[in-house]
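Have a look at query-v3.cif; it's mmCIF, C-alpha atoms:
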```cif
data_start
loop_
_atom_site.group_PDB
_atom_site.id
_atom_site.type_symbol
_atom_site.label_atom_id
_atom_site.label_comp_id
_atom_site.auth_asym_id
_atom_site.auth_seq_id
_atom_site.Cartn_x
_atom_site.Cartn_y
_atom_site.Cartn_z
ATOM 1 C CA THR A 2 -138.301 10.884 -123.354
ATOM 2 C CA THR A 3 -136.510 10.579 -126.668
ATOM 3 C CA GLY A 4 -137.225 7.861 -129.199
ATOM 4 C CA SER A 5 -134.405 5.775 -127.712
ATOM 5 C CA GLY A 6 -136.018 5.819 -124.261
ATOM 6 C CA ILE A 7 -133.584 8.350 -122.765
ATOM 7 C CA GLU A 8 -135.162 10.839 -120.363
ATOM 8 C CA MET A 9 -134.980 14.318 -121.871
ATOM 9 C CA LEU A 10 -134.677 17.196 -119.400
ATOM 10 C CA LYS A 11 -134.681 20.017 -121.965
ATOM 11 C CA MET A 12 -134.678 20.472 -125.720
ATOM 12 C CA GLY A 13 -134.264 23.602 -127.790
ATOM 13 C CA ASP A 14 -131.948 25.795 -129.783
ATOM 14 C CA MET A 15 -128.756 27.457 -128.660
ATOM 15 C CA GLU A 16 -125.872 28.956 -130.539
ATOM 16 C CA LYS A 17 -122.374 27.555 -130.090
ATOM 17 C CA ARG A 18 -119.272 29.575 -130.852
ATOM 18 C CA SER A 19 -117.185 27.766 -133.450
ATOM 19 C CA ASP A 20 -113.601 26.773 -132.726
ATOM 20 C CA SER A 21 -112.440 28.365 -135.980
ATOM 21 C CA PHE A 22 -110.364 31.528 -136.184
ATOM 22 C CA LEU A 23 -113.405 33.722 -136.931
ATOM 23 C CA GLN A 24 -115.453 32.204 -134.089
ATOM 24 C CA PHE A 25 -118.863 32.435 -135.732
ATOM 25 C CA TRP A 26 -121.974 31.619 -133.698
ATOM 26 C CA LYS A 27 -123.762 28.592 -135.175
ATOM 27 C CA LYS A 28 -127.309 27.576 -134.290
ATOM 28 C CA LYS A 29 -127.549 24.083 -132.798
ATOM 29 C CA THR A 30 -130.452 21.976 -131.600
ATOM 30 C CA CYS A 31 -129.579 20.758 -128.113
ATOM 31 C CA VAL A 32 -131.017 17.984 -125.967
ATOM 32 C CA LEU A 33 -130.121 17.812 -122.292
ATOM 33 C CA THR A 34 -130.488 14.409 -120.608
ATOM 34 C CA LYS A 35 -129.568 13.299 -117.095
ATOM 35 C CA ASP A 36 -126.170 12.112 -118.409
ATOM 36 C CA SER A 37 -125.230 14.398 -121.316
ATOM 37 C CA LEU A 38 -125.795 17.458 -123.473
ATOM 38 C CA ASN A 39 -126.351 16.356 -127.072
ATOM 39 C CA ILE A 40 -125.529 19.025 -129.654
ATOM 40 C CA TYR A 41 -126.959 18.458 -133.121
ATOM 41 C CA ALA A 42 -125.487 20.101 -136.213
ATOM 42 C CA ASP A 43 -128.832 20.276 -138.014
ATOM 43 C CA VAL A 44 -132.572 20.084 -137.442
ATOM 44 C CA LYS A 45 -132.712 16.496 -138.790
ATOM 45 C CA ARG A 46 -130.439 15.525 -135.883
ATOM 46 C CA SER A 47 -128.292 13.380 -138.160
ATOM 47 C CA LYS A 48 -124.919 14.461 -136.755
ATOM 48 C CA VAL A 49 -124.549 14.694 -132.964
ATOM 49 C CA LYS A 50 -121.798 15.694 -130.588
ATOM 50 C CA GLU A 51 -122.387 14.227 -127.134
ATOM 51 C CA LEU A 52 -120.918 16.159 -124.225
ATOM 52 C CA LYS A 53 -121.142 13.790 -121.263
ATOM 53 C CA LEU A 54 -121.781 15.391 -117.863
ATOM 54 C CA GLN A 55 -118.934 13.303 -116.424
ATOM 55 C CA SER A 56 -116.550 15.316 -118.632
ATOM 56 C CA ILE A 57 -117.848 18.740 -117.466
ATOM 57 C CA LYS A 58 -116.094 20.553 -114.649
ATOM 58 C CA LYS A 59 -118.452 23.556 -114.421
ATOM 59 C CA VAL A 60 -120.750 26.041 -116.114
ATOM 60 C CA ASP A 61 -119.013 29.394 -115.961
ATOM 61 C CA CYS A 62 -119.014 33.027 -117.109
ATOM 62 C CA VAL A 63 -122.744 33.633 -117.243
ATOM 63 C CA GLU A 64 -123.454 37.051 -118.747
ATOM 64 C CA ARG A 65 -126.677 38.664 -119.901
ATOM 65 C CA THR A 66 -127.169 41.308 -122.564
ATOM 66 C CA ASP A 67 -130.437 42.772 -123.887
ATOM 67 C CA LYS A 68 -130.676 40.004 -126.492
ATOM 68 C CA PHE A 69 -128.673 37.017 -125.275
ATOM 69 C CA MET A 70 -127.543 35.019 -122.272
ATOM 70 C CA TYR A 71 -123.951 33.836 -122.663
ATOM 71 C CA PHE A 72 -122.230 31.033 -120.767
ATOM 72 C CA THR A 73 -119.196 28.782 -120.974
ATOM 73 C CA ILE A 74 -118.973 25.074 -120.275
ATOM 74 C CA VAL A 75 -115.555 24.136 -118.909
ATOM 75 C CA THR A 76 -114.571 20.497 -119.358
ATOM 76 C CA LYS A 77 -112.353 18.506 -117.005
ATOM 77 C CA ASP A 78 -109.497 18.851 -119.507
ATOM 78 C CA ASP A 79 -109.962 22.670 -119.331
ATOM 79 C CA LYS A 80 -111.504 23.077 -122.770
ATOM 80 C CA GLU A 81 -113.964 25.974 -122.909
ATOM 81 C CA ILE A 82 -117.102 25.800 -125.046
ATOM 82 C CA ASP A 83 -119.097 29.018 -125.437
ATOM 83 C CA PHE A 84 -122.863 29.103 -125.885
ATOM 84 C CA ARG A 85 -125.550 31.733 -126.098
ATOM 85 C CA TYR A 86 -129.329 31.686 -126.261
ATOM 86 C CA SER A 87 -132.001 34.338 -126.567
ATOM 87 C CA VAL A 88 -133.204 35.812 -123.276
ATOM 88 C CA GLU A 89 -136.787 34.801 -124.143
ATOM 89 C CA GLN A 90 -135.850 31.122 -123.747
ATOM 90 C CA ALA A 91 -135.754 29.258 -120.468
ATOM 91 C CA CYS A 92 -132.440 29.232 -118.611
ATOM 92 C CA TRP A 93 -130.194 26.730 -120.394
ATOM 93 C CA HIS A 94 -127.199 27.465 -118.176
ATOM 94 C CA ALA A 95 -129.228 26.822 -115.006
ATOM 95 C CA GLU A 96 -130.717 23.587 -116.400
ATOM 96 C CA ILE A 97 -127.255 22.299 -117.364
ATOM 97 C CA THR A 98 -125.867 23.268 -113.946
ATOM 98 C CA LEU A 99 -128.706 21.419 -112.167
ATOM 99 C CA ALA A 100 -128.227 18.343 -114.365
ATOM 100 C CA LEU A 101 -124.492 18.442 -113.581
ATOM 101 C CA ILE A 102 -125.139 18.679 -109.814
ATOM 102 C CA ASN A 103 -127.670 15.817 -109.974
ATOM 103 C CA TYR A 104 -125.184 13.704 -111.957
ATOM 104 C CA GLN A 105 -122.381 14.422 -109.445
ATOM 105 C CA ASN A 106 -124.708 13.569 -106.539
ATOM 106 C CA ARG A 107 -125.668 10.240 -108.144
ATOM 107 C CA GLU A 108 -121.979 9.446 -108.686
ATOM 108 C CA ALA A 109 -121.126 10.352 -105.068
ATOM 109 C CA VAL A 110 -123.919 8.151 -103.681
ATOM 110 C CA GLN A 111 -122.846 5.266 -105.922
ATOM 111 C CA ASP A 112 -119.210 5.724 -104.859
ATOM 112 C CA PHE A 113 -120.266 5.771 -101.178
ATOM 113 C CA LYS A 114 -122.367 2.610 -101.583
ATOM 114 C CA THR A 115 -119.475 0.863 -103.343
ATOM 115 C CA ARG A 116 -117.091 1.773 -100.518
ATOM 116 C CA GLN A 117 -119.639 0.628 -97.910
ATOM 117 C CA ASP A 118 -120.022 -2.727 -99.671
ATOM 118 C CA GLU A 119 -116.249 -3.174 -99.902
ATOM 119 C CA SER A 120 -115.662 -2.360 -96.231
ATOM 120 C CA ALA A 121 -118.401 -4.644 -94.860
ATOM 121 C CA SER A 122 -117.082 -7.966 -93.614
ATOM 122 C CA PRO A 123 -118.912 -11.202 -94.603
ATOM 123 C CA GLY A 124 -120.441 -11.481 -91.103
ATOM 124 C CA GLN A 125 -121.912 -7.985 -91.314
ATOM 125 C CA GLU A 126 -123.391 -8.699 -94.727
ATOM 126 C CA ARG A 127 -125.187 -11.793 -93.393
ATOM 127 C CA ARG A 128 -126.652 -9.847 -90.449
ATOM 128 C CA MET A 129 -127.838 -7.102 -92.746
ATOM 129 C CA ALA A 130 -129.372 -9.650 -95.116
ATOM 130 C CA ARG A 131 -131.553 -11.068 -92.279
ATOM 131 C CA ALA A 132 -132.835 -7.666 -91.199
ATOM 132 C CA PRO A 133 -136.469 -6.999 -92.210
#
```
Please rewrite the model in this file as structure tokens.
Amino acid sequence: TTGSGIEMLKMGDMEKRSDSFLQFWKKKTCVLTKDSLNIYADVKRSKVKELKLQSIKKVDCVERTDKFMYFTIVTKDDKEIDFRYSVEQACWHAEITLALINYQNREAVQDFKTRQDESASPGQERRMARAP
């Protein structure tokens, strides 16, 4: 867990392609939690960009070279964010994909439970409350 009590799934360095015209790769310290990917501008972790899993549509375009694994995160508003990491590191793209699937599953279960609660009549709720 992090100092703020948030469960950390993965932490390490990746490179993010800048949005500038020259599109340089910049090293970032990244922390994946069950709800977001936090991208820090520096090692001191003073400046953070939080990419919430709810805003991610998919992890796409996975490609491997001799040195790097490349992948793209596509957001729900169709913004593409390119990352790469050295092939010696554990699979960032797979970890992010799994965290995204787990997040979507939690949301689906919560949505289902909410709909079940809304559709139950008061009589049904009382019967269910008495069940052991």
**OP:** Take atom CA of A:Val63 and atom CA of A:Glu96 and report the distance between them in Å, one decimal.
**Re:**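 Value for the atom CA of A:Val63-atom CA of A:Glu96 distance: 12.9 Å.
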Original post:
What does the PyMOL selection byres ((chain A and resi 102) around 12) select in this file, as JSON, numbers by chain?
Top reply: {"A": [35, 36, 54, 55, 57, 58, 59, 60, 95, 96, 97, 98, 99, 100, 101, 103, 104, 105, 106, 107, 108, 109]}
**OP:** Please indicate the distance in Å from atom CA of A:Lys27 to atom CA of A:His94, rounded to one decimal place.
**Re:**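 The value is 17.4 Å.
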**OP:** Starting from the displayed file, determine the output of the PyMOL selection byres ((chain A and resi 75) around 9) and express the residue list as a PyMOL selection string.
**Re:** chain A and resi 56-61+73-74+76-83
Subject >> Distance of atom CA of A:Met70 from atom CA of A:Glu89, expressed in Å to one decimal place >> reply: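 Taking atom CA of A:Glu89 as the start and atom CA of A:Met70 as the end point, the length is 9.4 Å.
Counting all atoms listed in the file, the residue from A:Met15, A:Ala91, A:Cys62, A:Met9 that sits nearest to A:Ser37 is A:Met9.
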Original post:
Of the candidates A:Leu38, A:Thr66, A:Lys48, A:Tyr71, which one gets nearest to A:Trp26 if we count all atoms listed in the file?
Top reply: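 Of all the options, A:Tyr71 lies closest to A:Trp26.
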For the structure provided, state which residues fall under the PyMOL selection byres ((chain A and resi 31-34) around 10), and present them as a compact mmCIF listing (two decimals) with C-alpha atoms, in the frame of the given file.
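Below you can see result_32.txt, which holds the result:
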```
# COMPACT_ATOMS: atom_id res chain seq x y z
CA THR A 2 -138.30 10.88 -123.35
CA THR A 3 -136.51 10.58 -126.67
CA ILE A 7 -133.58 8.35 -122.76
CA GLU A 8 -135.16 10.84 -120.36
CA MET A 9 -134.98 14.32 -121.87
CA LEU A 10 -134.68 17.20 -119.40
CA LYS A 11 -134.68 20.02 -121.96
CA MET A 12 -134.68 20.47 -125.72
CA GLY A 13 -134.26 23.60 -127.79
CA ASP A 14 -131.95 25.80 -129.78
CA MET A 15 -128.76 27.46 -128.66
CA GLU A 16 -125.87 28.96 -130.54
CA LYS A 28 -127.31 27.58 -134.29
CA LYS A 29 -127.55 24.08 -132.80
CA THR A 30 -130.45 21.98 -131.60
CA LYS A 35 -129.57 13.30 -117.10
CA ASP A 36 -126.17 12.11 -118.41
CA SER A 37 -125.23 14.40 -121.32
CA LEU A 38 -125.80 17.46 -123.47
CA ASN A 39 -126.35 16.36 -127.07
CA ILE A 40 -125.53 19.02 -129.65
CA TYR A 41 -126.96 18.46 -133.12
CA ALA A 42 -125.49 20.10 -136.21
CA ASP A 43 -128.83 20.28 -138.01
CA VAL A 44 -132.57 20.08 -137.44
CA ARG A 46 -130.44 15.52 -135.88
CA VAL A 49 -124.55 14.69 -132.96
CA LYS A 50 -121.80 15.69 -130.59
CA GLU A 51 -122.39 14.23 -127.13
CA LEU A 52 -120.92 16.16 -124.22
CA LYS A 53 -121.14 13.79 -121.26
CA LEU A 54 -121.78 15.39 -117.86
CA TRP A 93 -130.19 26.73 -120.39
CA GLU A 96 -130.72 23.59 -116.40
CA ILE A 97 -127.26 22.30 -117.36
CA ALA A 100 -128.23 18.34 -114.36
```
Repaired coordinates for stretch 98-109 of chain A (all heavy atoms) as a PDB file, in the coordinates of the input:
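Output saved as result36.pdb:
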```pdb
ATOM      1  N   THR A  98    -126.489  23.286-115.275  1.00  0.00           N
ATOM      2  CA  THR A  98    -125.867  23.268-113.946  1.00  0.00           C
ATOM      3  C   THR A  98    -126.592  22.294-113.019  1.00  0.00           C
ATOM      4  O   THR A  98    -125.960  21.500-112.317  1.00  0.00           O
ATOM      5  CB  THR A  98    -125.846  24.684-113.327  1.00  0.00           C
ATOM      6  OG1 THR A  98    -125.104  25.550-114.198  1.00  0.00           O
ATOM      7  CG2 THR A  98    -125.218  24.683-111.952  1.00  0.00           C
ATOM      8  N   LEU A  99    -127.928  22.338-113.003  1.00  0.00           N
ATOM      9  CA  LEU A  99    -128.706  21.419-112.167  1.00  0.00           C
ATOM     10  C   LEU A  99    -128.497  19.966-112.582  1.00  0.00           C
ATOM     11  O   LEU A  99    -128.350  19.082-111.730  1.00  0.00           O
ATOM     12  CB  LEU A  99    -130.193  21.769-112.215  1.00  0.00           C
ATOM     13  CG  LEU A  99    -130.595  23.019-111.447  1.00  0.00           C
ATOM     14  CD1 LEU A  99    -132.056  23.362-111.718  1.00  0.00           C
ATOM     15  CD2 LEU A  99    -130.353  22.834-109.958  1.00  0.00           C
ATOM     16  N   ALA A 100    -128.464  19.708-113.885  1.00  0.00           N
ATOM     17  CA  ALA A 100    -128.227  18.343-114.365  1.00  0.00           C
ATOM     18  C   ALA A 100    -126.835  17.873-113.938  1.00  0.00           C
ATOM     19  O   ALA A 100    -126.655  16.716-113.543  1.00  0.00           O
ATOM     20  CB  ALA A 100    -128.372  18.275-115.886  1.00  0.00           C
ATOM     21  N   LEU A 101    -125.854  18.778-113.990  1.00  0.00           N
ATOM     22  CA  LEU A 101    -124.492  18.442-113.581  1.00  0.00           C
ATOM     23  C   LEU A 101    -124.438  18.121-112.087  1.00  0.00           C
ATOM     24  O   LEU A 101    -123.836  17.126-111.670  1.00  0.00           O
ATOM     25  CB  LEU A 101    -123.540  19.601-113.917  1.00  0.00           C
ATOM     26  CG  LEU A 101    -122.076  19.423-113.557  1.00  0.00           C
ATOM     27  CD1 LEU A 101    -121.479  18.202-114.258  1.00  0.00           C
ATOM     28  CD2 LEU A 101    -121.288  20.683-113.921  1.00  0.00           C
ATOM     29  N   ILE A 102    -125.100  18.919-111.269  1.00  0.00           N
ATOM     30  CA  ILE A 102    -125.139  18.679-109.814  1.00  0.00           C
ATOM     31  C   ILE A 102    -125.834  17.346-109.524  1.00  0.00           C
ATOM     32  O   ILE A 102    -125.345  16.549-108.717  1.00  0.00           O
ATOM     33  CB  ILE A 102    -125.836  19.848-109.089  1.00  0.00           C
ATOM     34  CG1 ILE A 102    -124.956  21.100-109.137  1.00  0.00           C
ATOM     35  CG2 ILE A 102    -126.174  19.473-107.644  1.00  0.00           C
ATOM     36  CD1 ILE A 102    -125.667  22.363-108.724  1.00  0.00           C
ATOM     37  N   ASN A 103    -126.963  17.094-110.176  1.00  0.00           N
ATOM     38  CA  ASN A 103    -127.670  15.817-109.974  1.00  0.00           C
ATOM     39  C   ASN A 103    -126.798  14.636-110.382  1.00  0.00           C
ATOM     40  O   ASN A 103    -126.761  13.618-109.687  1.00  0.00           O
ATOM     41  CB  ASN A 103    -128.981  15.795-110.756  1.00  0.00           C
ATOM     42  CG  ASN A 103    -130.049  16.643-110.102  1.00  0.00           C
ATOM     43  OD1 ASN A 103    -130.023  16.851-108.890  1.00  0.00           O
ATOM     44  ND2 ASN A 103    -130.957  17.146-110.898  1.00  0.00           N
ATOM     45  N   TYR A 104    -126.081  14.771-111.501  1.00  0.00           N
ATOM     46  CA  TYR A 104    -125.184  13.704-111.957  1.00  0.00           C
ATOM     47  C   TYR A 104    -124.082  13.462-110.910  1.00  0.00           C
ATOM     48  O   TYR A 104    -123.810  12.325-110.531  1.00  0.00           O
ATOM     49  CB  TYR A 104    -124.567  14.064-113.313  1.00  0.00           C
ATOM     50  CG  TYR A 104    -123.545  13.063-113.752  1.00  0.00           C
ATOM     51  CD1 TYR A 104    -123.931  11.875-114.365  1.00  0.00           C
ATOM     52  CD2 TYR A 104    -122.194  13.268-113.518  1.00  0.00           C
ATOM     53  CE1 TYR A 104    -122.999  10.926-114.736  1.00  0.00           C
ATOM     54  CE2 TYR A 104    -121.246  12.325-113.884  1.00  0.00           C
ATOM     55  CZ  TYR A 104    -121.661  11.154-114.495  1.00  0.00           C
ATOM     56  OH  TYR A 104    -120.730  10.214-114.854  1.00  0.00           O
ATOM     57  N   GLN A 105    -123.454  14.552-110.442  1.00  0.00           N
ATOM     58  CA  GLN A 105    -122.381  14.422-109.445  1.00  0.00           C
ATOM     59  C   GLN A 105    -122.898  13.814-108.149  1.00  0.00           C
ATOM     60  O   GLN A 105    -122.204  13.009-107.521  1.00  0.00           O
ATOM     61  CB  GLN A 105    -121.727  15.785-109.191  1.00  0.00           C
ATOM     62  CG  GLN A 105    -120.933  16.268-110.379  1.00  0.00           C
ATOM     63  CD  GLN A 105    -120.521  17.736-110.267  1.00  0.00           C
ATOM     64  OE1 GLN A 105    -121.131  18.511-109.543  1.00  0.00           O
ATOM     65  NE2 GLN A 105    -119.494  18.115-111.011  1.00  0.00           N
ATOM     66  N   ASN A 106    -124.109  14.159-107.746  1.00  0.00           N
ATOM     67  CA  ASN A 106    -124.708  13.569-106.539  1.00  0.00           C
ATOM     68  C   ASN A 106    -124.942  12.073-106.716  1.00  0.00           C
ATOM     69  O   ASN A 106    -124.665  11.287-105.815  1.00  0.00           O
ATOM     70  CB  ASN A 106    -126.020  14.268-106.176  1.00  0.00           C
ATOM     71  CG  ASN A 106    -125.799  15.622-105.557  1.00  0.00           C
ATOM     72  OD1 ASN A 106    -124.709  15.950-105.106  1.00  0.00           O
ATOM     73  ND2 ASN A 106    -126.838  16.442-105.553  1.00  0.00           N
ATOM     74  N   ARG A 107    -125.468  11.672-107.874  1.00  0.00           N
ATOM     75  CA  ARG A 107    -125.668  10.240-108.144  1.00  0.00           C
ATOM     76  C   ARG A 107    -124.347   9.481-108.099  1.00  0.00           C
ATOM     77  O   ARG A 107    -124.261   8.393-107.534  1.00  0.00           O
ATOM     78  CB  ARG A 107    -126.324  10.027-109.526  1.00  0.00           C
ATOM     79  CG  ARG A 107    -127.789  10.329-109.580  1.00  0.00           C
ATOM     80  CD  ARG A 107    -128.472   9.786-110.822  1.00  0.00           C
ATOM     81  NE  ARG A 107    -127.736   9.935-112.056  1.00  0.00           N
ATOM     82  CZ  ARG A 107    -127.804  10.983-112.882  1.00  0.00           C
ATOM     83  NH1 ARG A 107    -128.598  12.001-112.572  1.00  0.00           N
ATOM     84  NH2 ARG A 107    -127.111  11.021-113.992  1.00  0.00           N
ATOM     85  N   GLU A 108    -123.304  10.076-108.686  1.00  0.00           N
ATOM     86  CA  GLU A 108    -121.979   9.446-108.686  1.00  0.00           C
ATOM     87  C   GLU A 108    -121.433   9.323-107.262  1.00  0.00           C
ATOM     88  O   GLU A 108    -120.857   8.305-106.904  1.00  0.00           O
ATOM     89  CB  GLU A 108    -121.000  10.262-109.542  1.00  0.00           C
ATOM     90  CG  GLU A 108    -121.281  10.168-111.024  1.00  0.00           C
ATOM     91  CD  GLU A 108    -121.015   8.773-111.574  1.00  0.00           C
ATOM     92  OE1 GLU A 108    -119.883   8.293-111.470  1.00  0.00           O
ATOM     93  OE2 GLU A 108    -121.970   8.166-112.094  1.00  0.00           O
ATOM     94  N   ALA A 109    -121.614  10.371-106.449  1.00  0.00           N
ATOM     95  CA  ALA A 109    -121.126  10.352-105.068  1.00  0.00           C
ATOM     96  C   ALA A 109    -121.841   9.289-104.248  1.00  0.00           C
ATOM     97  O   ALA A 109    -121.209   8.566-103.467  1.00  0.00           O
ATOM     98  CB  ALA A 109    -121.300  11.733-104.425  1.00  0.00           C
TER      99      ALA A 109
END
```
